[in-house]
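Student: Below is the file model-v5.cif, which contains mmCIF, N, CA and C atoms.
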data_protein
loop_
_atom_site.label_atom_id
_atom_site.label_comp_id
_atom_site.auth_asym_id
_atom_site.auth_seq_id
_atom_site.Cartn_x
_atom_site.Cartn_y
_atom_site.Cartn_z
N MET A 985 2.88 -0.57 -18.77
CA MET A 985 2.69 0.67 -18.07
C MET A 985 3.97 0.97 -17.26
N THR A 986 4.38 2.21 -17.24
CA THR A 986 5.59 2.59 -16.51
C THR A 986 5.28 2.76 -15.02
N LYS A 987 6.33 2.83 -14.23
CA LYS A 987 6.19 3.06 -12.79
C LYS A 987 5.45 4.38 -12.54
N LEU A 988 5.83 5.41 -13.27
CA LEU A 988 5.19 6.71 -13.10
C LEU A 988 3.70 6.63 -13.45
N ASP A 989 3.34 5.91 -14.51
CA ASP A 989 1.93 5.75 -14.88
C ASP A 989 1.13 5.11 -13.74
N THR A 990 1.70 4.05 -13.16
CA THR A 990 1.02 3.36 -12.06
C THR A 990 0.85 4.28 -10.86
N ILE A 991 1.91 5.00 -10.54
CA ILE A 991 1.87 5.92 -9.39
C ILE A 991 0.79 6.98 -9.61
N GLN A 992 0.68 7.50 -10.82
CA GLN A 992 -0.31 8.54 -11.11
C GLN A 992 -1.74 8.02 -11.00
N GLN A 993 -1.95 6.72 -11.19
CA GLN A 993 -3.30 6.16 -11.21
C GLN A 993 -3.84 5.79 -9.83
N THR A 994 -2.98 5.72 -8.83
CA THR A 994 -3.45 5.30 -7.52
C THR A 994 -3.97 6.48 -6.70
N LYS A 995 -4.96 6.19 -5.88
CA LYS A 995 -5.54 7.21 -5.00
C LYS A 995 -4.54 7.72 -3.98
N LEU A 996 -3.52 6.94 -3.71
CA LEU A 996 -2.51 7.32 -2.74
C LEU A 996 -1.83 8.63 -3.10
N PHE A 997 -1.69 8.91 -4.38
CA PHE A 997 -0.94 10.09 -4.81
C PHE A 997 -1.79 11.13 -5.53
N GLU A 998 -3.09 11.14 -5.25
CA GLU A 998 -3.95 12.19 -5.78
C GLU A 998 -3.48 13.54 -5.26
N MET A 999 -3.62 14.56 -6.05
CA MET A 999 -3.32 15.96 -5.70
C MET A 999 -1.83 16.28 -5.69
N LEU A 1000 -0.96 15.36 -6.13
CA LEU A 1000 0.46 15.64 -6.15
C LEU A 1000 0.87 16.27 -7.48
N SER A 1001 1.91 17.08 -7.43
CA SER A 1001 2.41 17.75 -8.64
C SER A 1001 3.24 16.77 -9.47
N ARG A 1002 3.52 17.16 -10.68
CA ARG A 1002 4.34 16.36 -11.58
C ARG A 1002 5.73 16.11 -10.99
N ASP A 1003 6.32 17.13 -10.37
CA ASP A 1003 7.64 16.99 -9.75
C ASP A 1003 7.60 16.01 -8.58
N GLU A 1004 6.55 16.08 -7.78
CA GLU A 1004 6.41 15.16 -6.65
C GLU A 1004 6.27 13.72 -7.13
N LEU A 1005 5.44 13.53 -8.15
CA LEU A 1005 5.25 12.19 -8.70
C LEU A 1005 6.54 11.65 -9.31
N ALA A 1006 7.28 12.52 -9.97
CA ALA A 1006 8.54 12.10 -10.58
C ALA A 1006 9.53 11.65 -9.51
N MET A 1007 9.61 12.39 -8.40
CA MET A 1007 10.52 11.99 -7.33
C MET A 1007 10.10 10.65 -6.75
N LEU A 1008 8.80 10.48 -6.51
CA LEU A 1008 8.32 9.22 -5.96
C LEU A 1008 8.67 8.04 -6.85
N SER A 1009 8.60 8.24 -8.16
CA SER A 1009 8.90 7.14 -9.07
C SER A 1009 10.35 6.68 -8.93
N THR A 1010 11.23 7.56 -8.47
CA THR A 1010 12.62 7.16 -8.25
C THR A 1010 12.81 6.50 -6.88
N LEU A 1011 11.88 6.71 -5.97
CA LEU A 1011 12.00 6.19 -4.60
C LEU A 1011 11.43 4.78 -4.44
N PHE A 1012 10.54 4.38 -5.33
CA PHE A 1012 9.95 3.04 -5.28
C PHE A 1012 10.91 2.01 -5.85
N GLN A 1013 10.96 0.84 -5.23
CA GLN A 1013 11.76 -0.29 -5.70
C GLN A 1013 10.81 -1.32 -6.32
N THR A 1014 11.21 -1.91 -7.44
CA THR A 1014 10.39 -2.92 -8.09
C THR A 1014 10.67 -4.29 -7.48
N ARG A 1015 9.59 -5.02 -7.19
CA ARG A 1015 9.70 -6.38 -6.65
C ARG A 1015 8.73 -7.28 -7.38
N SER A 1016 9.16 -8.49 -7.68
CA SER A 1016 8.32 -9.47 -8.38
C SER A 1016 8.10 -10.70 -7.49
N TYR A 1017 6.90 -11.27 -7.59
CA TYR A 1017 6.53 -12.44 -6.79
C TYR A 1017 5.81 -13.45 -7.67
N ASN A 1018 5.97 -14.72 -7.33
CA ASN A 1018 5.28 -15.80 -8.02
C ASN A 1018 3.99 -16.16 -7.29
N ASP A 1019 3.13 -16.90 -7.96
CA ASP A 1019 1.85 -17.31 -7.39
C ASP A 1019 2.05 -17.97 -6.02
N GLY A 1020 1.32 -17.48 -5.03
CA GLY A 1020 1.36 -18.03 -3.69
C GLY A 1020 2.51 -17.55 -2.83
N GLU A 1021 3.42 -16.79 -3.40
CA GLU A 1021 4.58 -16.32 -2.64
C GLU A 1021 4.16 -15.27 -1.62
N LEU A 1022 4.68 -15.40 -0.42
CA LEU A 1022 4.36 -14.48 0.67
C LEU A 1022 5.13 -13.18 0.50
N ILE A 1023 4.42 -12.07 0.58
CA ILE A 1023 5.03 -10.74 0.48
C ILE A 1023 5.44 -10.29 1.88
N PHE A 1024 4.53 -10.44 2.83
CA PHE A 1024 4.87 -10.28 4.24
C PHE A 1024 3.84 -11.03 5.07
N SER A 1025 4.21 -11.32 6.32
CA SER A 1025 3.37 -12.09 7.22
C SER A 1025 2.79 -11.22 8.32
N GLN A 1026 1.61 -11.60 8.77
CA GLN A 1026 0.99 -10.95 9.91
C GLN A 1026 1.98 -11.01 11.07
N GLY A 1027 2.20 -9.87 11.73
CA GLY A 1027 3.13 -9.80 12.84
C GLY A 1027 4.53 -9.34 12.46
N ASP A 1028 4.83 -9.31 11.15
CA ASP A 1028 6.14 -8.80 10.71
C ASP A 1028 6.24 -7.31 11.04
N GLU A 1029 7.46 -6.85 11.20
CA GLU A 1029 7.69 -5.43 11.37
C GLU A 1029 7.41 -4.72 10.05
N GLY A 1030 6.67 -3.62 10.11
CA GLY A 1030 6.36 -2.85 8.90
C GLY A 1030 7.54 -1.99 8.51
N ASP A 1031 7.96 -2.11 7.27
CA ASP A 1031 9.13 -1.36 6.82
C ASP A 1031 8.86 -0.51 5.58
N GLY A 1032 7.60 -0.46 5.16
CA GLY A 1032 7.24 0.33 4.00
C GLY A 1032 5.88 -0.06 3.48
N LEU A 1033 5.48 0.57 2.38
CA LEU A 1033 4.19 0.26 1.77
C LEU A 1033 4.41 -0.22 0.35
N TYR A 1034 3.39 -0.88 -0.19
CA TYR A 1034 3.46 -1.50 -1.50
C TYR A 1034 2.38 -0.93 -2.41
N LEU A 1035 2.72 -0.81 -3.68
CA LEU A 1035 1.79 -0.39 -4.72
C LEU A 1035 1.74 -1.51 -5.73
N LEU A 1036 0.55 -2.01 -6.01
CA LEU A 1036 0.37 -3.14 -6.92
C LEU A 1036 0.40 -2.65 -8.36
N SER A 1037 1.34 -3.18 -9.14
CA SER A 1037 1.50 -2.79 -10.53
C SER A 1037 0.85 -3.79 -11.49
N GLU A 1038 1.12 -5.08 -11.28
CA GLU A 1038 0.57 -6.15 -12.12
C GLU A 1038 0.20 -7.33 -11.25
N GLY A 1039 -0.89 -8.01 -11.64
CA GLY A 1039 -1.33 -9.19 -10.91
C GLY A 1039 -2.30 -8.83 -9.80
N GLN A 1040 -2.41 -9.73 -8.84
CA GLN A 1040 -3.29 -9.54 -7.69
C GLN A 1040 -2.59 -10.01 -6.43
N VAL A 1041 -3.07 -9.52 -5.29
CA VAL A 1041 -2.62 -10.04 -4.01
C VAL A 1041 -3.82 -10.36 -3.14
N GLU A 1042 -3.62 -11.33 -2.25
CA GLU A 1042 -4.61 -11.69 -1.25
C GLU A 1042 -4.15 -11.18 0.11
N VAL A 1043 -5.06 -10.52 0.80
CA VAL A 1043 -4.81 -10.09 2.17
C VAL A 1043 -5.53 -11.09 3.05
N CYS A 1044 -4.80 -11.70 3.98
CA CYS A 1044 -5.43 -12.71 4.82
C CYS A 1044 -4.96 -12.59 6.27
N THR A 1045 -5.81 -13.08 7.16
CA THR A 1045 -5.50 -13.05 8.58
C THR A 1045 -5.69 -14.44 9.16
N GLY A 1046 -5.04 -14.68 10.27
CA GLY A 1046 -5.17 -15.97 10.95
C GLY A 1046 -3.86 -16.38 11.56
N ARG A 1047 -3.96 -17.32 12.45
CA ARG A 1047 -2.78 -17.82 13.15
C ARG A 1047 -2.67 -19.33 12.94
N GLY A 1048 -1.51 -19.86 13.20
CA GLY A 1048 -1.31 -21.30 13.17
C GLY A 1048 -1.43 -21.92 11.80
N GLY A 1049 -0.99 -21.24 10.78
CA GLY A 1049 -1.00 -21.80 9.43
C GLY A 1049 -2.29 -21.63 8.67
N GLU A 1050 -3.35 -21.24 9.36
CA GLU A 1050 -4.63 -21.02 8.68
C GLU A 1050 -4.78 -19.54 8.38
N CYS A 1051 -5.03 -19.25 7.12
CA CYS A 1051 -5.10 -17.85 6.69
C CYS A 1051 -6.41 -17.64 5.94
N LYS A 1052 -7.29 -16.81 6.50
CA LYS A 1052 -8.57 -16.52 5.86
C LYS A 1052 -8.43 -15.27 5.01
N VAL A 1053 -8.78 -15.38 3.72
CA VAL A 1053 -8.67 -14.24 2.80
C VAL A 1053 -9.76 -13.23 3.14
N VAL A 1054 -9.34 -12.00 3.42
CA VAL A 1054 -10.28 -10.94 3.75
C VAL A 1054 -10.42 -9.92 2.63
N ALA A 1055 -9.47 -9.93 1.67
CA ALA A 1055 -9.55 -9.01 0.54
C ALA A 1055 -8.63 -9.49 -0.57
N VAL A 1056 -9.03 -9.16 -1.79
CA VAL A 1056 -8.19 -9.38 -2.96
C VAL A 1056 -8.01 -8.01 -3.61
N LEU A 1057 -6.77 -7.62 -3.85
CA LEU A 1057 -6.48 -6.30 -4.39
C LEU A 1057 -5.95 -6.40 -5.82
N ASP A 1058 -6.36 -5.43 -6.63
CA ASP A 1058 -5.94 -5.31 -8.02
C ASP A 1058 -5.17 -4.01 -8.21
N PRO A 1059 -4.41 -3.93 -9.30
CA PRO A 1059 -3.72 -2.65 -9.60
C PRO A 1059 -4.72 -1.52 -9.80
N PRO A 1060 -4.44 -0.33 -9.40
CA PRO A 1060 -3.25 0.16 -8.73
C PRO A 1060 -3.44 0.35 -7.23
N GLU A 1061 -4.05 -0.65 -6.57
CA GLU A 1061 -4.25 -0.56 -5.12
C GLU A 1061 -2.92 -0.57 -4.39
N PHE A 1062 -2.94 -0.10 -3.15
CA PHE A 1062 -1.76 -0.14 -2.32
C PHE A 1062 -2.10 -0.82 -1.01
N PHE A 1063 -1.06 -1.29 -0.31
CA PHE A 1063 -1.26 -1.97 0.97
C PHE A 1063 0.02 -1.83 1.79
N GLY A 1064 -0.10 -2.15 3.08
CA GLY A 1064 1.04 -2.04 3.98
C GLY A 1064 1.19 -0.66 4.58
N GLU A 1065 0.22 0.21 4.30
CA GLU A 1065 0.30 1.61 4.73
C GLU A 1065 0.08 1.79 6.23
N MET A 1066 -0.65 0.87 6.85
CA MET A 1066 -0.96 1.05 8.27
C MET A 1066 0.30 1.09 9.13
N SER A 1067 1.24 0.21 8.85
CA SER A 1067 2.45 0.19 9.68
C SER A 1067 3.35 1.40 9.42
N VAL A 1068 3.19 2.03 8.25
CA VAL A 1068 3.92 3.27 7.97
C VAL A 1068 3.37 4.39 8.85
N ILE A 1069 2.07 4.37 9.08
CA ILE A 1069 1.41 5.41 9.87
C ILE A 1069 1.60 5.17 11.37
N ASP A 1070 1.31 3.95 11.82
CA ASP A 1070 1.31 3.73 13.28
C ASP A 1070 2.56 3.03 13.81
N LYS A 1071 3.47 2.63 12.94
CA LYS A 1071 4.74 1.99 13.32
C LYS A 1071 4.52 0.72 14.14
N GLU A 1072 3.41 0.04 13.87
CA GLU A 1072 3.10 -1.23 14.52
C GLU A 1072 3.43 -2.38 13.58
N PHE A 1073 3.25 -3.59 14.08
CA PHE A 1073 3.51 -4.78 13.27
C PHE A 1073 2.38 -4.98 12.26
N ARG A 1074 2.66 -5.74 11.21
CA ARG A 1074 1.68 -6.01 10.16
C ARG A 1074 0.44 -6.67 10.75
N SER A 1075 -0.73 -6.18 10.36
CA SER A 1075 -1.99 -6.69 10.91
C SER A 1075 -2.55 -7.85 10.09
N ALA A 1076 -1.94 -8.15 8.95
CA ALA A 1076 -2.40 -9.22 8.09
C ALA A 1076 -1.22 -9.73 7.27
N SER A 1077 -1.42 -10.88 6.65
CA SER A 1077 -0.44 -11.40 5.70
C SER A 1077 -0.89 -11.05 4.30
N VAL A 1078 0.05 -10.93 3.39
CA VAL A 1078 -0.27 -10.66 1.98
C VAL A 1078 0.56 -11.61 1.13
N ARG A 1079 -0.13 -12.26 0.17
CA ARG A 1079 0.57 -13.16 -0.74
C ARG A 1079 0.12 -12.91 -2.18
N ALA A 1080 1.01 -13.24 -3.10
CA ALA A 1080 0.73 -13.04 -4.52
C ALA A 1080 -0.31 -14.04 -5.00
N ARG A 1081 -1.13 -13.56 -5.89
CA ARG A 1081 -2.12 -14.41 -6.56
C ARG A 1081 -1.76 -14.36 -8.04
N GLY A 1082 -1.01 -15.34 -8.48
CA GLY A 1082 -0.46 -15.33 -9.84
C GLY A 1082 0.84 -14.52 -9.85
N ALA A 1083 1.41 -14.38 -11.03
CA ALA A 1083 2.62 -13.56 -11.17
C ALA A 1083 2.27 -12.12 -10.84
N THR A 1084 3.05 -11.52 -9.97
CA THR A 1084 2.71 -10.19 -9.44
C THR A 1084 3.94 -9.29 -9.43
N GLU A 1085 3.72 -8.04 -9.85
CA GLU A 1085 4.78 -7.04 -9.75
C GLU A 1085 4.30 -5.93 -8.83
N LEU A 1086 5.18 -5.56 -7.89
CA LEU A 1086 4.86 -4.53 -6.91
C LEU A 1086 5.94 -3.47 -6.92
N TYR A 1087 5.54 -2.27 -6.47
CA TYR A 1087 6.51 -1.22 -6.20
C TYR A 1087 6.51 -1.03 -4.69
N PHE A 1088 7.69 -1.09 -4.11
CA PHE A 1088 7.85 -1.01 -2.66
C PHE A 1088 8.48 0.33 -2.31
N LEU A 1089 7.85 1.04 -1.36
CA LEU A 1089 8.36 2.32 -0.88
C LEU A 1089 8.79 2.16 0.57
N PRO A 1090 10.11 2.00 0.81
CA PRO A 1090 10.59 1.87 2.18
C PRO A 1090 10.29 3.14 2.98
N VAL A 1091 10.12 2.99 4.28
CA VAL A 1091 9.83 4.12 5.15
C VAL A 1091 10.88 5.22 4.99
N GLU A 1092 12.16 4.84 4.92
CA GLU A 1092 13.21 5.86 4.81
C GLU A 1092 13.10 6.64 3.50
N ASN A 1093 12.62 6.01 2.43
CA ASN A 1093 12.42 6.74 1.18
C ASN A 1093 11.22 7.68 1.27
N LEU A 1094 10.19 7.25 2.00
CA LEU A 1094 9.04 8.13 2.22
C LEU A 1094 9.46 9.36 3.03
N MET A 1095 10.35 9.15 4.00
CA MET A 1095 10.85 10.28 4.80
C MET A 1095 11.73 11.21 3.95
N ALA A 1096 12.45 10.67 2.99
CA ALA A 1096 13.23 11.51 2.06
C ALA A 1096 12.27 12.37 1.23
N PHE A 1097 11.15 11.78 0.82
CA PHE A 1097 10.12 12.54 0.09
C PHE A 1097 9.58 13.66 0.98
N ARG A 1098 9.34 13.36 2.24
CA ARG A 1098 8.83 14.35 3.20
C ARG A 1098 9.77 15.54 3.32
N ARG A 1099 11.06 15.27 3.36
CA ARG A 1099 12.04 16.35 3.49
C ARG A 1099 12.05 17.25 2.25
N SER A 1100 11.80 16.68 1.07
CA SER A 1100 11.82 17.45 -0.17
C SER A 1100 10.49 18.13 -0.48
N PHE A 1101 9.38 17.46 -0.13
CA PHE A 1101 8.04 17.95 -0.50
C PHE A 1101 7.10 17.83 0.69
N ARG A 1102 7.15 18.78 1.60
CA ARG A 1102 6.31 18.73 2.79
C ARG A 1102 4.82 18.73 2.46
N ASP A 1103 4.39 19.59 1.54
CA ASP A 1103 2.97 19.63 1.17
C ASP A 1103 2.55 18.32 0.50
N GLY A 1104 3.38 17.82 -0.37
CA GLY A 1104 3.09 16.55 -1.04
C GLY A 1104 2.97 15.41 -0.04
N PHE A 1105 3.86 15.40 0.94
CA PHE A 1105 3.81 14.39 1.99
C PHE A 1105 2.48 14.49 2.76
N THR A 1106 2.04 15.70 3.05
CA THR A 1106 0.77 15.90 3.74
C THR A 1106 -0.38 15.32 2.92
N PHE A 1107 -0.37 15.54 1.60
CA PHE A 1107 -1.41 14.97 0.74
C PHE A 1107 -1.38 13.44 0.79
N VAL A 1108 -0.19 12.86 0.80
CA VAL A 1108 -0.07 11.40 0.87
C VAL A 1108 -0.70 10.88 2.16
N VAL A 1109 -0.40 11.52 3.28
CA VAL A 1109 -0.96 11.09 4.57
C VAL A 1109 -2.49 11.24 4.57
N ILE A 1110 -2.99 12.34 4.02
CA ILE A 1110 -4.45 12.53 3.92
C ILE A 1110 -5.06 11.43 3.05
N ASN A 1111 -4.42 11.11 1.94
CA ASN A 1111 -4.93 10.07 1.05
C ASN A 1111 -4.92 8.71 1.72
N ILE A 1112 -3.88 8.42 2.50
CA ILE A 1112 -3.85 7.16 3.26
C ILE A 1112 -5.03 7.13 4.23
N ALA A 1113 -5.26 8.23 4.94
CA ALA A 1113 -6.37 8.29 5.89
C ALA A 1113 -7.71 8.06 5.19
N ARG A 1114 -7.89 8.63 4.02
CA ARG A 1114 -9.14 8.43 3.27
C ARG A 1114 -9.36 6.97 2.91
N VAL A 1115 -8.31 6.33 2.45
CA VAL A 1115 -8.45 4.92 2.05
C VAL A 1115 -8.66 4.03 3.27
N ILE A 1116 -7.94 4.29 4.35
CA ILE A 1116 -8.15 3.51 5.58
C ILE A 1116 -9.59 3.69 6.07
N SER A 1117 -10.10 4.91 6.00
CA SER A 1117 -11.47 5.18 6.41
C SER A 1117 -12.46 4.41 5.53
N ARG A 1118 -12.25 4.41 4.22
CA ARG A 1118 -13.13 3.68 3.30
C ARG A 1118 -13.10 2.19 3.61
N ARG A 1119 -11.91 1.65 3.82
CA ARG A 1119 -11.77 0.22 4.10
C ARG A 1119 -12.44 -0.14 5.43
N LEU A 1120 -12.32 0.73 6.42
CA LEU A 1120 -12.96 0.49 7.71
C LEU A 1120 -14.48 0.51 7.56
N ARG A 1121 -15.01 1.45 6.80
CA ARG A 1121 -16.46 1.50 6.57
C ARG A 1121 -16.95 0.22 5.89
N GLU A 1122 -16.20 -0.25 4.88
CA GLU A 1122 -16.57 -1.49 4.19
C GLU A 1122 -16.54 -2.68 5.14
N THR A 1123 -15.54 -2.74 5.99
CA THR A 1123 -15.43 -3.84 6.95
C THR A 1123 -16.57 -3.78 7.95
N THR A 1124 -16.88 -2.60 8.44
CA THR A 1124 -17.98 -2.43 9.38
C THR A 1124 -19.30 -2.86 8.74
N SER A 1125 -19.51 -2.50 7.49
CA SER A 1125 -20.72 -2.88 6.78
C SER A 1125 -20.82 -4.40 6.63
N ARG A 1126 -19.71 -5.04 6.27
CA ARG A 1126 -19.72 -6.50 6.13
C ARG A 1126 -19.98 -7.18 7.46
N LEU A 1127 -19.40 -6.66 8.53
CA LEU A 1127 -19.61 -7.25 9.86
C LEU A 1127 -21.05 -7.08 10.31
N SER A 1128 -21.63 -5.91 10.05
CA SER A 1128 -23.01 -5.68 10.49
C SER A 1128 -23.99 -6.57 9.73
N GLU A 1129 -23.68 -6.94 8.50
CA GLU A 1129 -24.53 -7.85 7.73
C GLU A 1129 -24.53 -9.26 8.31
N ARG A 1130 -23.46 -9.62 8.99
CA ARG A 1130 -23.35 -10.95 9.57
C ARG A 1130 -24.05 -11.08 10.91
N LEU A 1131 -24.35 -9.95 11.54
CA LEU A 1131 -24.98 -9.98 12.88
C LEU A 1131 -26.46 -10.18 12.81
#
Before we go any further, please render this structure as structure tokens.
Tutor:
Amino acid sequence: MTKLDTIQQTKLFEMLSRDELAMLSTLFQTRSYNDGELIFSQGDEGDGLYLLSEGQVEVCTGRGGECKVVAVLDPPEFFGEMSVIDKEFRSASVRARGATELYFLPVENLMAFRRSFRDGFTFVVINIARVISRRLRETTSRLSERL
């Protein structure tokens, strides 16, 4: 599958035009990781978001070397978006589960997209909000089941 195919399949870029999607495909950088390799650590400075192309990743939280897996993501999920929105440090660690290929969108490339496609950028932010909202609802539901 091509980078453009993966981008078109993710909820992050719903409602974007062909031209917007084409530009985004040039702004993403390809990164590969081996099984167990850390993509970023909880507390790291957020510098962009990731789109999962191949493989899986584990999202985990914890301190002192202990990391509890809170989610496993499959293609074409994305992650790392929270720090793009709130400019805070990473709230969780993410590591590869098996051989993994990701597309990385640095913040400065996202801002270049914003300058070229203001409406498209607005759709991306709305889509991020929708996914964050869905994830929060799922987390709230899981927590309420434990009480």
Student: Report the residues of region 993-1122 of chain A whose backbone DSSP state falls under strand (DSSP E or B), written as a PyMOL selection string.
Tutor: chain A and resi 1013-1017+1022-1024+1029+1032-1045+1052-1057+1062-1063+1073+1077-1090
Student: Any chance you could work out the residue set of the PyMOL selection byres ((chain A and resi 996-1009) around 6.5) here, as a list in words?
Tutor: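 With the PyMOL selection byres ((chain A and resi 996-1009) around 6.5) on this model, the match is Lys987, Leu988, Ile991, Gln992, Gln993, Thr994, Lys995, Thr1010, Leu1011, Phe1012, Gly1104, Phe1107, Val1108, Asn1111 and Ile1112 of chain A.
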Student: Quick one: write out the picked residues with N, CA and C atoms as a PDB file, in the coordinates of the input?
Tutor:
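Result saved to result_8.pdb:
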ATOM      1  N   LYS A 987       6.330   2.830 -14.230  1.00  0.00           N
ATOM      2  CA  LYS A 987       6.190   3.060 -12.790  1.00  0.00           C
ATOM      3  C   LYS A 987       5.450   4.380 -12.540  1.00  0.00           C
ATOM      4  N   LEU A 988       5.830   5.410 -13.270  1.00  0.00           N
ATOM      5  CA  LEU A 988       5.190   6.710 -13.100  1.00  0.00           C
ATOM      6  C   LEU A 988       3.700   6.630 -13.450  1.00  0.00           C
ATOM      7  N   ILE A 991       1.910   5.000 -10.540  1.00  0.00           N
ATOM      8  CA  ILE A 991       1.870   5.920  -9.390  1.00  0.00           C
ATOM      9  C   ILE A 991       0.790   6.980  -9.610  1.00  0.00           C
ATOM     10  N   GLN A 992       0.680   7.500 -10.820  1.00  0.00           N
ATOM     11  CA  GLN A 992      -0.310   8.540 -11.110  1.00  0.00           C
ATOM     12  C   GLN A 992      -1.740   8.020 -11.000  1.00  0.00           C
ATOM     13  N   GLN A 993      -1.950   6.720 -11.190  1.00  0.00           N
ATOM     14  CA  GLN A 993      -3.300   6.160 -11.210  1.00  0.00           C
ATOM     15  C   GLN A 993      -3.840   5.790  -9.830  1.00  0.00           C
ATOM     16  N   THR A 994      -2.980   5.720  -8.830  1.00  0.00           N
ATOM     17  CA  THR A 994      -3.450   5.300  -7.520  1.00  0.00           C
ATOM     18  C   THR A 994      -3.970   6.480  -6.700  1.00  0.00           C
ATOM     19  N   LYS A 995      -4.960   6.190  -5.880  1.00  0.00           N
ATOM     20  CA  LYS A 995      -5.540   7.210  -5.000  1.00  0.00           C
ATOM     21  C   LYS A 995      -4.540   7.720  -3.980  1.00  0.00           C
ATOM     22  N   THR A1010      11.230   7.560  -8.470  1.00  0.00           N
ATOM     23  CA  THR A1010      12.620   7.160  -8.250  1.00  0.00           C
ATOM     24  C   THR A1010      12.810   6.500  -6.880  1.00  0.00           C
ATOM     25  N   LEU A1011      11.880   6.710  -5.970  1.00  0.00           N
ATOM     26  CA  LEU A1011      12.000   6.190  -4.600  1.00  0.00           C
ATOM     27  C   LEU A1011      11.430   4.780  -4.440  1.00  0.00           C
ATOM     28  N   PHE A1012      10.540   4.380  -5.330  1.00  0.00           N
ATOM     29  CA  PHE A1012       9.950   3.040  -5.280  1.00  0.00           C
ATOM     30  C   PHE A1012      10.910   2.010  -5.850  1.00  0.00           C
ATOM     31  N   GLY A1104       3.380  17.820  -0.370  1.00  0.00           N
ATOM     32  CA  GLY A1104       3.090  16.550  -1.040  1.00  0.00           C
ATOM     33  C   GLY A1104       2.970  15.410  -0.040  1.00  0.00           C
ATOM     34  N   PHE A1107      -0.370  15.540   1.600  1.00  0.00           N
ATOM     35  CA  PHE A1107      -1.410  14.970   0.740  1.00  0.00           C
ATOM     36  C   PHE A1107      -1.380  13.440   0.790  1.00  0.00           C
ATOM     37  N   VAL A1108      -0.190  12.860   0.800  1.00  0.00           N
ATOM     38  CA  VAL A1108      -0.070  11.400   0.870  1.00  0.00           C
ATOM     39  C   VAL A1108      -0.700  10.880   2.160  1.00  0.00           C
ATOM     40  N   ASN A1111      -4.420  11.110   1.940  1.00  0.00           N
ATOM     41  CA  ASN A1111      -4.930  10.070   1.050  1.00  0.00           C
ATOM     42  C   ASN A1111      -4.920   8.710   1.720  1.00  0.00           C
ATOM     43  N   ILE A1112      -3.880   8.420   2.500  1.00  0.00           N
ATOM     44  CA  ILE A1112      -3.850   7.160   3.260  1.00  0.00           C
ATOM     45  C   ILE A1112      -5.030   7.130   4.230  1.00  0.00           C
TER      46      ILE A1112
END
Student: Taking only region 991-1127 of chain A into account, list the residues labelled alpha helix (DSSP H) by DSSP (computed from the backbone), as a PyMOL selection string.
Tutor: chain A and resi 991-993+1002-1011+1065-1070+1091-1100+1102-1127
Student: Write out as an NGL selection string the residues lying within 6.5 Å of Arg1081 (chain A), counting all atoms listed in the file and excluding same-chain residues fewer than 4 positions away.
Tutor: :A and (1018-1021 or 1039-1042)
Student: Pick out the residues sitting within 6 Å of region 1049-1066 of chain A, and hand them over as a compact mmCIF listing (two decimals) with N, CA and C atoms, in the frame of the given file; count all atoms listed in the file, and ignore anything fewer than 3 positions along from it in its own chain.
Tutor:
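And here is the file that came out, out-v7.txt:
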# COMPACT_ATOMS: atom_id res chain seq x y z
N GLN A 993 -1.95 6.72 -11.19
CA GLN A 993 -3.30 6.16 -11.21
C GLN A 993 -3.84 5.79 -9.83
N THR A 994 -2.98 5.72 -8.83
CA THR A 994 -3.45 5.30 -7.52
C THR A 994 -3.97 6.48 -6.70
N GLY A 1032 7.60 -0.46 5.16
CA GLY A 1032 7.24 0.33 4.00
C GLY A 1032 5.88 -0.06 3.48
N LEU A 1033 5.48 0.57 2.38
CA LEU A 1033 4.19 0.26 1.77
C LEU A 1033 4.41 -0.22 0.35
N TYR A 1034 3.39 -0.88 -0.19
CA TYR A 1034 3.46 -1.50 -1.50
C TYR A 1034 2.38 -0.93 -2.41
N LEU A 1035 2.72 -0.81 -3.68
CA LEU A 1035 1.79 -0.39 -4.72
C LEU A 1035 1.74 -1.51 -5.73
N LEU A 1036 0.55 -2.01 -6.01
CA LEU A 1036 0.37 -3.14 -6.92
C LEU A 1036 0.40 -2.65 -8.36
N SER A 1037 1.34 -3.18 -9.14
CA SER A 1037 1.50 -2.79 -10.53
C SER A 1037 0.85 -3.79 -11.49
N GLU A 1038 1.12 -5.08 -11.28
CA GLU A 1038 0.57 -6.15 -12.12
C GLU A 1038 0.20 -7.33 -11.25
N GLY A 1039 -0.89 -8.01 -11.64
CA GLY A 1039 -1.33 -9.19 -10.91
C GLY A 1039 -2.30 -8.83 -9.80
N GLN A 1040 -2.41 -9.73 -8.84
CA GLN A 1040 -3.29 -9.54 -7.69
C GLN A 1040 -2.59 -10.01 -6.43
N VAL A 1041 -3.07 -9.52 -5.29
CA VAL A 1041 -2.62 -10.04 -4.01
C VAL A 1041 -3.82 -10.36 -3.14
N GLU A 1042 -3.62 -11.33 -2.25
CA GLU A 1042 -4.61 -11.69 -1.25
C GLU A 1042 -4.15 -11.18 0.11
N VAL A 1043 -5.06 -10.52 0.80
CA VAL A 1043 -4.81 -10.09 2.17
C VAL A 1043 -5.53 -11.09 3.05
N CYS A 1044 -4.80 -11.70 3.98
CA CYS A 1044 -5.43 -12.71 4.82
C CYS A 1044 -4.96 -12.59 6.27
N THR A 1045 -5.81 -13.08 7.16
CA THR A 1045 -5.50 -13.05 8.58
C THR A 1045 -5.69 -14.44 9.16
N GLY A 1046 -5.04 -14.68 10.27
CA GLY A 1046 -5.17 -15.97 10.95
C GLY A 1046 -3.86 -16.38 11.56
N ILE A 1069 2.07 4.37 9.08
CA ILE A 1069 1.41 5.41 9.87
C ILE A 1069 1.60 5.17 11.37
N ASP A 1070 1.31 3.95 11.82
CA ASP A 1070 1.31 3.73 13.28
C ASP A 1070 2.56 3.03 13.81
N LYS A 1071 3.47 2.63 12.94
CA LYS A 1071 4.74 1.99 13.32
C LYS A 1071 4.52 0.72 14.14
N GLU A 1072 3.41 0.04 13.87
CA GLU A 1072 3.10 -1.23 14.52
C GLU A 1072 3.43 -2.38 13.58
Student: Would you kindly identify which residues have an atom no farther than 5 Å from (3.0, -10.9, -3.9), using only N, CA and C atoms and the file's own coordinates, and write them out as a ChimeraX atom specification?
Tutor: /A:1017,1023,1079-1080
